[in-house]
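K.L.:
Pasting a structure below so you can have a look.
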Amino acid sequence: MRDRLYVIFWATLLRRLLTVVGALAVIAAGVVFWPGPKGPESCARGVEKSAGECVGVNGSGYDFDTPEITEVARAIAEENEKFVGDKPHVTVAMVLPLHPGLAAERKQLRSEIQGAYLAQYRANRSEQTPLLRLVLANPGTDYGQQAKVVDQLETMAHDRRDNLRAVTGFNLSLKETKAAIAHLTKDLGIPVLASRISGDDPANPEPGQDDPPYPGLARIIPTNSDQAAALANYHRGFKDAETVLVKDTRPGDIYNASLARAFSHKEAGPPGPQDQPFRSPGIAELGDSGNDFAAISLNICDSDARYVYFAGRPVHLRLFALKLAGTPCHGKKYTIISGSGSATLNRYMKDDDWEILRGGSGATEPTVTVQYTAPGHPEAWDLALRDWDKKHPGAATRPGYFTEPQKELAALRRLIGRMGDRIGPVQLDDSRTMLVHDGVQTIAAAVFLANSQTDSVVPPLRRIAAEWPRLESRHRVAGTSGWICLTNAGNAYDKPVAVVELDPKTRKVDVAGIGWPRGGPQPDNCVVPSSG
């Protein structure tokens with residue numbers, strides 16, 4: 001057999017040449033037609049499948065398989081393609097998990113993206129340049145794959161077709177969020193504006209430093225410490241024996257930890273009961289928290305505590321409120337007090353939950369009332385001005401820190417009315433649409449200010465962060481959530497919060513009043529004092 005193959009393929013010079021040529025042809029064909037190693041599966045332009053999730057950056061209408069945001073994602077794509085197009089523009093990226101599992105979280109997501117789009121739409125029609133292009137960036141569940149997205153954003157920041165100039169979003173205070181912001185600002189020099197994270201970190205300390213931990217970071221929402229101070233100023237103090245802290249000790253959740261620290265201040269009088277810790281398995285996971293809450297509720301019943309500080313996420317707050325309300329305690333009534341993360345608590349409530357909080361069909365007063373800080377509420381300014389008018393009858397002028405946000409909110413409402421159902425149903429009462437809108441408006445203000453001070457229509461990357469400290473006084477941003485006046489450290493100075501209550505009778509969120517972190521309103525014209 002071997003001799004026969006030799007005769008066929010190698011016996012003469014001609015046969016040797018033909019054999020070599022044939023072998024090379026076969027090899028070449030294999031190179032051409034072999035698909036090679038299988039690459040990542042594409043979900044959409046700029047988005048790839050990674051660890052079972054579609055991770056990446058897209059501004060052409062992809063909804064990341066979340067039907068709640070389909071309409072607003074399409075509206076963003078239309079604005080990017082038809083209004084912005086090839087005109088001079090900068091890109092703003094919105095980074096947040098875009099495929100949440102719970103229905104309530106998907107509605108929250110829609111509210112946030114709606115706020116960004118509405119701000120983009122308004123900025124692009126303000127007759128200022130450059131225009132704003134908006135893109136959505138999915139870092140995966142709990143920001144677990146943020147490094148992949150940050151790499152894409154770095155490329156976009158140096159691509160003249162993208163001109164990425166700011167990153168926003170970041171709706172959860174987690175260690176992964178902190179890592180992403182640190183890499184973007186300190187390592188890559190890309191400005192970040194955080195409109196939704198309220199944890200005390202990431203933030204630059206006051207007063208401003210020459211070498212801050214997050215250079216180029218701006219925040220427009222009061223920190224948890226500021227929110228706790230605003231609540232204390234609003235209530236004018238409780239007795240320590242009447243309060244108790246219930247806190248989630250799950251590692252890595254900066255929001256929970258900083259809120260617990262903020263609520264741990266000593267109050268007047270004899271000491272109250274010790275803290276009541278629990279450890280949840282995840283942001284939206286209950287695990288055996290219900291067992292913990294049942295035991296905690298009995299302990300609180302036996303104490304003098306009537307005001308319960310709760311440092312945890314909305315899904316856990318709902319269950320705790322139900323367990324506390326369902327624990328017989330001789331007719332005792334409670335007020336649970338929490339932070340701005342609870343602004344969407346009503347979306348987690350089920351029909352039967354309200355009856356439990358009310359204390360049953362025969363109850364005249366709710367067993368449990370939930371009160372929390374909201375960084376924005378559509379009824380806050382009307383209430384504040386009614387109260388101000390009562391205290392200042394016949395006054396010739398009214399304070400700008402109330403009237404300007406009220407005017408801005410009215411303009412936003414008119415735009416929402418003109419939109420109809422084009423971006424899906426818009427709900428302002430959870431503050432998310434308002435806050436994210438104000439965040440993108442703040443970015444636009446910095447971009448326009450930078451443009452006025454440079455020769456190029458598209459300002460260089462470094463100029464945007466340089467404008468954060470300028471956004472005070474004459475350049476303050478009149479947001480729907482209040483005046484935004486940034487300190488040299490990039491923090492919102494004395495930003496007010498609405499103190500709101502979840503009413504079990506009406507199933508609505510009612511505004512109780514306005515709280516100021518520093519005990520009183522912002523200065524006239526929002527000139528930030530030297531103390532920061």
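Starting from 1 in every chain, residues are counted up; chains themselves are A, B, ... following the order of the structure tokens, and ligands are numbered from 1 as listed.
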Do you know which residues are at most 6 Å from Ile254 (chain A) counting only C-alpha atoms, after dropping those on the same chain fewer than 3 positions away, and could you put them as a list in words?

P.N.:
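Near neighbours after the sequence-gap exclusion: Ser173, Leu174, Gly199, Ala257 and Ser258 of chain A.
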
K.L.:
Might you pull out every residue within 12 Å of Lys407 (chain A), with only C-alpha atoms counted and same-chain residues fewer than 6 positions away left off, and present them as a count of residues only?

P.N.:
13

K.L.:
Could you give me, as a Markdown table, every region 84-105 of chain A residue with an atom at most 12 Å from region 47-56 of chain A, plus its closest atom pair and distance in Å to one decimal, counting only C-alpha atoms, rows ordered by chain then number?

P.N.:
| residue | atom | partner | partner_atom | distance |
| --- | --- | --- | --- | --- |
| A:Ala93 | CA | A:Gly56 | CA | 11.0 |
| A:Met94 | CA | A:Gly56 | CA | 11.2 |
| A:Val95 | CA | A:Gly56 | CA | 9.5 |
| A:Leu96 | CA | A:Val55 | CA | 10.7 |
| A:Pro97 | CA | A:Val55 | CA | 9.2 |
| A:Leu98 | CA | A:Val55 | CA | 9.0 |
| A:His99 | CA | A:Glu53 | CA | 8.3 |
| A:Pro100 | CA | A:Glu53 | CA | 10.8 |

K.L.:
Please produce a file of those selected residues containing C-alpha atoms, as a PDB file, in the first residue's frame.

P.N.:
ATOM      1  CA  ALA A  93     -23.360  57.881  28.719  1.00  0.00           C
ATOM      2  CA  MET A  94     -25.894  56.643  31.242  1.00  0.00           C
ATOM      3  CA  VAL A  95     -24.469  53.676  33.158  1.00  0.00           C
ATOM      4  CA  LEU A  96     -26.886  51.538  35.149  1.00  0.00           C
ATOM      5  CA  PRO A  97     -28.124  47.909  35.166  1.00  0.00           C
ATOM      6  CA  LEU A  98     -30.553  47.752  32.255  1.00  0.00           C
ATOM      7  CA  HIS A  99     -32.136  44.320  32.747  1.00  0.00           C
ATOM      8  CA  PRO A 100     -33.406  44.167  36.354  1.00  0.00           C
TER       9      PRO A 100
END

K.L.:
What are the closest atom pairs, with distances in Å to one decimal, for all residues of region 262-303 of chain A lying within 12 Å of region 130-146 of chain A? Consider only C-alpha atoms, order rows by chain and residue number, and present the result as JSON lines.

P.N.:
{"residue": "A:Gly282", "atom": "CA", "partner": "A:Asp142", "partner_atom": "CA", "distance": 9.7}
{"residue": "A:Ile283", "atom": "CA", "partner": "A:Asp142", "partner_atom": "CA", "distance": 8.6}
{"residue": "A:Ala284", "atom": "CA", "partner": "A:Asp142", "partner_atom": "CA", "distance": 10.4}

K.L.:
So which residues touch Thr433 (chain A) within 12 Å, counting only C-alpha atoms, skipping near sequence neighbours fewer than 2 positions away, as a VMD selection string?

P.N.:
chain A and resid 107 to 119 169 195 to 196 343 to 344 375 to 378 409 412 to 413 416 425 to 431 435 to 440 479 to 481

K.L.:
With only C-alpha atoms as the basis for distance, which of A:Leu502, A:Ala268, A:Leu415, A:Ala260 is at the shortest distance from Leu357 (chain A)?

P.N.:
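For Leu357 (chain A), the nearest of the given residues is A:Leu502.
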
K.L.:
Taking 2 positions as the minimum chain separation for residues in the same chain, which residues sit within 12 Å of region 385-391 of chain A when counting only C-alpha atoms? Answer as a PyMOL selection string.

P.N.:
chain A and resi 379-383+393-406+512-514

K.L.:
Rank A:Gly269, A:Gly515, A:Pro191, A:Pro251 by their smallest atom-to-atom distance to Tyr372 (chain A), using only C-alpha atoms, and report the top residue only.

P.N.:
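Among the listed residues, A:Gly515 lies closest to Tyr372 (chain A).
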
K.L.:
Quick check, in Å to one decimal: how far apart do CA of Arg279 (chain A) and CA of Asp302 (chain A) lie?

P.N.:
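Computing the Euclidean distance for CA of Arg279 (chain A) and CA of Asp302 (chain A) yields 22.4 Å.
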
K.L.:
Find the residue from A:Lys495, A:Arg476, A:Lys350, A:His316 that sits nearest to Ala374 (chain A); use only C-alpha atoms when measuring.

P.N.:
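That would be A:Lys495, the residue with the smallest distance to Ala374 (chain A).
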
K.L.:
From a DSSP pass on the backbone, collect the residues of region 210-457 of chain A flagged as strand (DSSP E) and hand them back as a ChimeraX atom specification.

P.N.:
/A:217-219,243-248,276-278,307-311,334-338,368-374

K.L.:
Can you pull out every residue within 10 Å of Ala466 (chain A), counting only C-alpha atoms, but drop anything in the same chain fewer than 5 positions away, and send it as a list in words?

P.N.:
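Here the qualifying residues turn out to be Pro191, Pro215, Gly216, Ala446, Ala450, Leu461 and Asn488 of chain A.
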
K.L.:
Could you write those residues out with C-alpha atoms, as a compact mmCIF listing (two decimals), in the first residue's frame?

P.N.:
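Dumped everything to result-v9.txt:
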# COMPACT_ATOMS: atom_id res chain seq x y z
CA PRO A 191 -16.06 63.40 34.31
CA PRO A 215 -11.28 64.13 40.57
CA GLY A 216 -14.03 65.17 38.19
CA ALA A 446 -21.13 72.48 32.25
CA ALA A 450 -16.98 75.07 28.74
CA LEU A 461 -12.56 66.41 28.00
CA ASN A 488 -15.25 72.97 44.94

K.L.:
Grab the CA of Ser530 (chain A) to CA of Glu206 (chain A) distance for me, in Å with one decimal place.

P.N.:
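Calculated distance between CA of Ser530 (chain A) and CA of Glu206 (chain A) is 10.5 Å.
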
K.L.:
Quick one: of A:Leu471, A:Ile221, A:Ala166, A:Val370, who's nearest to Leu449 (chain A), counting only C-alpha atoms?

P.N.:
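Answer, going by the shortest atom-to-atom distance: A:Leu471.
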
K.L.:
What residues in region 131-202 of chain A get the DSSP label helix (DSSP H, G or I)? Please answer as a ChimeraX atom specification.

P.N.:
/A:141-143,146-157,175-187
